[in-house]
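As stored in protein_33.cif (mmCIF, C-alpha atoms):
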```
data_target
loop_
_atom_site.group_PDB
_atom_site.id
_atom_site.type_symbol
_atom_site.label_atom_id
_atom_site.label_comp_id
_atom_site.auth_asym_id
_atom_site.auth_seq_id
_atom_site.Cartn_x
_atom_site.Cartn_y
_atom_site.Cartn_z
ATOM 1 C CA MET A 1007 -24.219 5.783 28.063
ATOM 2 C CA THR A 1008 -22.878 2.678 26.367
ATOM 3 C CA PHE A 1009 -19.322 2.411 25.102
ATOM 4 C CA GLU A 1010 -20.616 2.346 21.525
ATOM 5 C CA ASP A 1011 -22.561 5.588 22.105
ATOM 6 C CA PHE A 1012 -19.433 7.151 23.568
ATOM 7 C CA LEU A 1013 -17.409 6.119 20.511
ATOM 8 C CA ASN A 1014 -20.013 7.546 18.135
ATOM 9 C CA GLN A 1015 -19.966 10.880 19.969
ATOM 10 C CA ARG A 1016 -16.284 11.264 20.892
ATOM 11 C CA LEU A 1017 -14.008 9.243 18.610
ATOM 12 C CA ALA A 1018 -13.411 12.025 16.077
ATOM 13 C CA SER A 1019 -12.595 14.612 18.736
ATOM 14 C CA LEU A 1020 -10.241 12.199 20.531
ATOM 15 C CA LEU A 1021 -8.422 11.510 17.258
ATOM 16 C CA ARG A 1022 -8.124 15.242 16.501
ATOM 17 C CA TYR A 1023 -6.815 15.922 20.001
ATOM 18 C CA ALA A 1024 -4.267 13.115 19.792
ATOM 19 C CA THR A 1025 -3.183 14.241 16.322
ATOM 20 C CA VAL A 1026 -2.472 17.731 17.594
ATOM 21 C CA LEU A 1027 -0.514 16.296 20.534
ATOM 22 C CA THR A 1028 1.582 13.921 18.451
ATOM 23 C CA CYS A 1029 1.787 15.850 15.153
ATOM 24 C CA ASP A 1030 1.384 12.433 13.539
ATOM 25 C CA PRO A 1031 -2.038 11.013 12.594
ATOM 26 C CA VAL A 1032 -0.773 7.421 12.582
ATOM 27 C CA GLN A 1033 0.720 7.706 16.065
ATOM 28 C CA ALA A 1034 -2.446 9.476 17.211
ATOM 29 C CA GLN A 1035 -4.542 6.550 15.972
ATOM 30 C CA ASP A 1036 -2.276 4.118 17.834
ATOM 31 C CA ILE A 1037 -2.550 6.086 21.062
ATOM 32 C CA VAL A 1038 -6.337 6.465 20.824
ATOM 33 C CA GLN A 1039 -6.693 2.767 19.991
ATOM 34 C CA ASP A 1040 -4.611 1.757 23.021
ATOM 35 C CA VAL A 1041 -6.642 4.055 25.257
ATOM 36 C CA LEU A 1042 -9.999 2.877 23.919
ATOM 37 C CA VAL A 1043 -9.072 -0.777 24.430
ATOM 38 C CA ARG A 1044 -8.328 -0.031 28.097
ATOM 39 C CA ALA A 1045 -11.416 2.184 28.427
ATOM 40 C CA GLN A 1046 -13.690 -0.504 26.991
ATOM 41 C CA GLN A 1047 -12.394 -3.016 29.534
ATOM 42 C CA ARG A 1048 -13.231 -0.568 32.354
ATOM 43 C CA TRP A 1049 -16.346 0.969 30.792
ATOM 44 C CA SER A 1050 -18.682 -0.235 33.527
ATOM 45 C CA ARG A 1051 -16.831 2.128 35.891
ATOM 46 C CA ILE A 1052 -15.927 4.899 33.432
ATOM 47 C CA GLY A 1053 -19.428 5.081 31.943
ATOM 48 C CA ARG A 1054 -20.904 5.878 35.370
ATOM 49 C CA MET A 1055 -18.612 8.868 35.876
ATOM 50 C CA GLU A 1056 -19.975 12.388 35.674
ATOM 51 C CA LEU A 1057 -17.634 13.260 32.768
ATOM 52 C CA PRO A 1058 -16.479 10.080 31.046
ATOM 53 C CA ALA A 1059 -15.194 12.065 28.029
ATOM 54 C CA ALA A 1060 -12.871 14.106 30.251
ATOM 55 C CA TYR A 1061 -11.573 10.931 31.853
ATOM 56 C CA VAL A 1062 -10.851 9.276 28.506
ATOM 57 C CA LYS A 1063 -9.238 12.475 27.225
ATOM 58 C CA ARG A 1064 -6.973 12.431 30.274
ATOM 59 C CA MET A 1065 -6.135 8.819 29.420
ATOM 60 C CA VAL A 1066 -5.107 9.997 25.930
ATOM 61 C CA THR A 1067 -2.916 12.728 27.426
ATOM 62 C CA ASN A 1068 -1.269 10.269 29.814
ATOM 63 C CA GLU A 1069 -0.753 7.741 27.035
ATOM 64 C CA PHE A 1070 0.870 10.430 24.876
ATOM 65 C CA LEU A 1071 3.206 11.409 27.694
ATOM 66 C CA SER A 1072 4.195 7.807 28.433
ATOM 67 C CA TRP A 1073 4.309 6.902 24.712
ATOM 68 C CA ARG A 1074 6.909 9.607 24.160
ATOM 69 C CA ARG A 1075 9.007 8.181 26.998
ATOM 70 C CA ARG A 1076 8.918 4.688 25.464
ATOM 71 C CA ARG A 1077 9.785 5.748 21.931
ATOM 72 C CA THR A 1078 12.762 7.627 20.563
ATOM 73 C CA ASP A 1079 12.060 10.995 19.009
ATOM 74 C CA VAL A 1080 11.554 10.875 15.292
ATOM 75 C CA ALA A 1081 11.496 13.729 12.854
ATOM 76 C CA VAL A 1082 7.937 14.704 12.021
ATOM 77 C CA PRO A 1083 7.559 15.231 8.272
ATOM 78 C CA PHE A 1084 5.833 18.460 7.264
ATOM 79 C CA ALA A 1085 3.441 16.527 5.023
ATOM 80 C CA THR A 1086 2.054 14.776 8.119
ATOM 81 C CA ILE A 1087 1.678 18.044 10.009
ATOM 82 C CA ASP A 1088 -0.032 19.719 7.053
ATOM 83 C CA ALA A 1089 -2.665 16.973 7.100
ATOM 84 C CA LEU A 1090 -4.129 18.624 10.232
ATOM 85 C CA SER A 1091 -5.683 21.345 8.120
ATOM 86 C CA PRO A 1092 -5.507 22.026 4.404
ATOM 87 C CA PRO A 1093 -3.318 24.985 3.506
ATOM 88 C CA VAL A 1094 -5.078 28.106 2.325
ATOM 89 C CA SER A 1095 -3.814 30.638 -0.167
ATOM 90 C CA ASP A 1096 -1.626 32.733 2.138
ATOM 91 C CA PRO A 1097 1.378 34.836 1.287
ATOM 92 C CA THR A 1098 4.591 32.816 1.332
ATOM 93 C CA ILE A 1099 5.816 34.249 4.620
ATOM 94 C CA VAL A 1100 2.661 33.128 6.421
ATOM 95 C CA ILE A 1101 3.116 29.587 5.129
ATOM 96 C CA ASP A 1102 6.759 29.630 6.202
ATOM 97 C CA GLN A 1103 5.783 30.909 9.652
ATOM 98 C CA ARG A 1104 3.143 28.203 9.977
ATOM 99 C CA ALA A 1105 5.642 25.528 8.989
ATOM 100 C CA ALA A 1106 8.178 26.901 11.453
ATOM 101 C CA LEU A 1107 5.522 26.995 14.178
ATOM 102 C CA LEU A 1108 4.370 23.429 13.564
ATOM 103 C CA ALA A 1109 7.955 22.184 13.353
ATOM 104 C CA GLY A 1110 8.672 24.039 16.595
ATOM 105 C CA ILE A 1111 5.663 22.440 18.284
ATOM 106 C CA ALA A 1112 6.865 19.018 17.136
ATOM 107 C CA ARG A 1113 10.259 19.662 18.787
ATOM 108 C CA LEU A 1114 8.884 20.835 22.138
ATOM 109 C CA PRO A 1115 9.352 18.572 25.163
ATOM 110 C CA ARG A 1116 6.270 16.434 25.716
ATOM 111 C CA LYS A 1117 4.858 18.299 28.741
ATOM 112 C CA GLN A 1118 5.393 21.689 27.099
ATOM 113 C CA ARG A 1119 3.677 20.450 23.955
ATOM 114 C CA ALA A 1120 0.779 19.023 25.938
ATOM 115 C CA ALA A 1121 0.414 22.289 27.881
ATOM 116 C CA VAL A 1122 0.437 24.369 24.675
ATOM 117 C CA VAL A 1123 -2.091 22.088 22.980
ATOM 118 C CA LEU A 1124 -4.377 22.113 26.009
ATOM 119 C CA ARG A 1125 -4.172 25.919 26.248
ATOM 120 C CA TYR A 1126 -4.344 27.028 22.626
ATOM 121 C CA TYR A 1127 -6.133 24.107 20.938
ATOM 122 C CA ASP A 1128 -8.485 23.069 23.716
ATOM 123 C CA GLY A 1129 -8.831 26.448 25.484
ATOM 124 C CA CYS A 1130 -8.140 25.041 28.959
ATOM 125 C CA THR A 1131 -7.298 27.219 31.964
ATOM 126 C CA ASP A 1132 -4.080 26.859 33.954
ATOM 127 C CA GLU A 1133 -5.972 24.939 36.628
ATOM 128 C CA GLU A 1134 -7.494 22.533 34.106
ATOM 129 C CA ILE A 1135 -4.104 21.963 32.469
ATOM 130 C CA ALA A 1136 -2.493 21.388 35.868
ATOM 131 C CA THR A 1137 -5.118 18.779 36.666
ATOM 132 C CA GLU A 1138 -4.687 17.145 33.256
ATOM 133 C CA LEU A 1139 -0.876 17.013 33.515
ATOM 134 C CA GLY A 1140 -0.737 16.298 37.242
ATOM 135 C CA CYS A 1141 1.376 19.333 38.154
ATOM 136 C CA SER A 1142 0.976 22.767 39.767
ATOM 137 C CA THR A 1143 -0.411 25.822 37.992
ATOM 138 C CA GLY A 1144 2.987 27.480 38.337
ATOM 139 C CA THR A 1145 4.551 24.588 36.440
ATOM 140 C CA VAL A 1146 1.880 24.943 33.750
ATOM 141 C CA ARG A 1147 2.674 28.643 33.362
ATOM 142 C CA SER A 1148 6.376 27.788 33.190
ATOM 143 C CA HIS A 1149 5.800 25.121 30.524
ATOM 144 C CA ILE A 1150 3.701 27.477 28.415
ATOM 145 C CA SER A 1151 6.095 30.399 28.851
ATOM 146 C CA ARG A 1152 9.100 28.334 27.790
ATOM 147 C CA ALA A 1153 7.222 26.769 24.904
ATOM 148 C CA VAL A 1154 6.000 30.121 23.585
ATOM 149 C CA ALA A 1155 9.525 31.575 23.843
ATOM 150 C CA THR A 1156 10.884 28.599 21.878
ATOM 151 C CA LEU A 1157 8.171 28.955 19.236
ATOM 152 C CA ARG A 1158 8.751 32.710 18.897
ATOM 153 C CA ALA A 1159 12.452 32.077 18.377
ATOM 154 C CA ALA A 1160 11.691 29.466 15.692
ATOM 155 C CA ILE A 1161 9.431 31.881 13.809
ATOM 156 C CA GLN A 1162 11.921 34.733 14.146
ATOM 157 C CA THR A 1163 14.700 32.515 12.787
ATOM 158 C CA GLU A 1164 12.461 31.545 9.873
ATOM 159 C CA GLN A 1165 11.694 35.203 9.145
ATOM 160 C CA GLU A 1166 15.395 36.098 9.183
ATOM 161 C CA LEU A 1167 16.149 33.313 6.723
ATOM 162 C CA HIS A 1168 13.664 34.792 4.250
ATOM 163 C CA ARG A 1169 14.870 38.373 4.398
#
```

Could you rewrite the structure in this file as structure tokens?
Amino acid sequence: MTFEDFLNQRLASLLRYATVLTCDPVQAQDIVQDVLVRAQQRWSRIGRMELPAAYVKRMVTNEFLSWRRRRTDVAVPFATIDALSPPVSDPTIVIDQRAALLAGIARLPRKQRAAVVLRYYDGCTDEEIATELGCSTGTVRSHISRAVATLRAAIQTEQELHR
């Protein structure tokens, strides 16, 4: 598979994945661009791998984790988060819960956010997430447990505000 073929097949999914990780389409594009520049330089090796897409996806995850270390946290505007999927006609409380959930995801520590995205967006198992994040399965379960507790609290707070 050539690098151009890889881009044609995987660019959109890499951008979607990075957008969910970062909650910011512009930052996601920057991360994917940085990763693809490095991947193109090493494509003779990466292209021969059994699963080059998994390798490049791992590069995106690692870039996201290191990107967050290099940059200060910035508030993620809701308009950017809503660009992930167009809102549908839901009752107001559902929209408020969704906004609280997405805002909560944006505030999670980077490894917790990556673990949640890999589990609930990508459908990965604990073992796959552990491999992706370079940690143990127990740490993955801990990250997800803490993240879910934080997200539940954010939604509950939002519900109490609207009562």

As a check of understanding, name the residues that the PyMOL selection byres ((chain A and resi 1034-1048) around 7) selects in the supplied structure, as a VMD selection string. chain A and resid 1009 1020 to 1021 1024 to 1025 1028 1030 to 1033 1049 to 1052 1065 to 1066 1069 to 1070

Quote the spacing between atom CA of Leu1157 of chain A and atom CA of Arg1064 of chain A in Å to one decimal place.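 Taking atom CA of Leu1157 of chain A and atom CA of Arg1064 of chain A, their separation equals 25.0 Å.
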
Can you work out which one of A:Ala1112, A:Leu1013, A:Met1007, A:Ala1060 has the shortest atom-to-atom distance to Glu1134 of chain A, counting only C-alpha atoms?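 Closest candidate: A:Ala1060.
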
With distances taken over all atoms listed in the file, which of A:Leu1071, A:Ala1159, A:Ala1106, A:Ala1059 is nearest to Gln1015 of chain A?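 Using all atoms listed in the file, Gln1015 of chain A sits closest to A:Ala1059.
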
Which neighbours of segment 1115-1130 of chain A fall inside 7 Å, counting only C-alpha atoms, when residues of the same chain fewer than 6 positions from it are skipped, and could you give them as a list in words?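 The residues that qualify are Val1026, Leu1027, Leu1071, Val1146, His1149, Ile1150 and Ala1153 of chain A.
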
Please, what distance in Å, to one decimal, runs between atom CA of Ala1105 of chain A and atom CA of Ser1019 of chain A? 23.4 Å

Could you check which of A:Ala1109, A:Cys1029, A:Glu1166, A:Phe1012 is closest to Val1062 of chain A, using all atoms listed in the file?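 With all atoms listed in the file as the atom set, the closest residue is A:Phe1012.
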
In Å, how far is it from atom CA of Arg1104 of chain A to atom CA of Ile1135 of chain A? 24.4 Å

Which centre and edge lengths in Å to one decimal define the box along x, y and z that fits every listed atom of segment 1049-1068 of chain A plus 3 Å per side, as lines of an AutoDock Vina configuration file?
```
center_x = -11.1
center_y = 6.9
center_z = 30.9
size_x = 25.6
size_y = 20.3
size_z = 16.0
```

When distances are computed from all atoms listed in the file, which of A:Leu1139, A:Leu1108, A:Ala1160, A:Leu1114 shows the smallest separation from Lys1063 of chain A? A:Leu1139

Nearest residue to Gln1165 of chain A out of A:Leu1107, A:Glu1010, A:Met1055, A:Tyr1061, using only C-alpha atoms? A:Leu1107
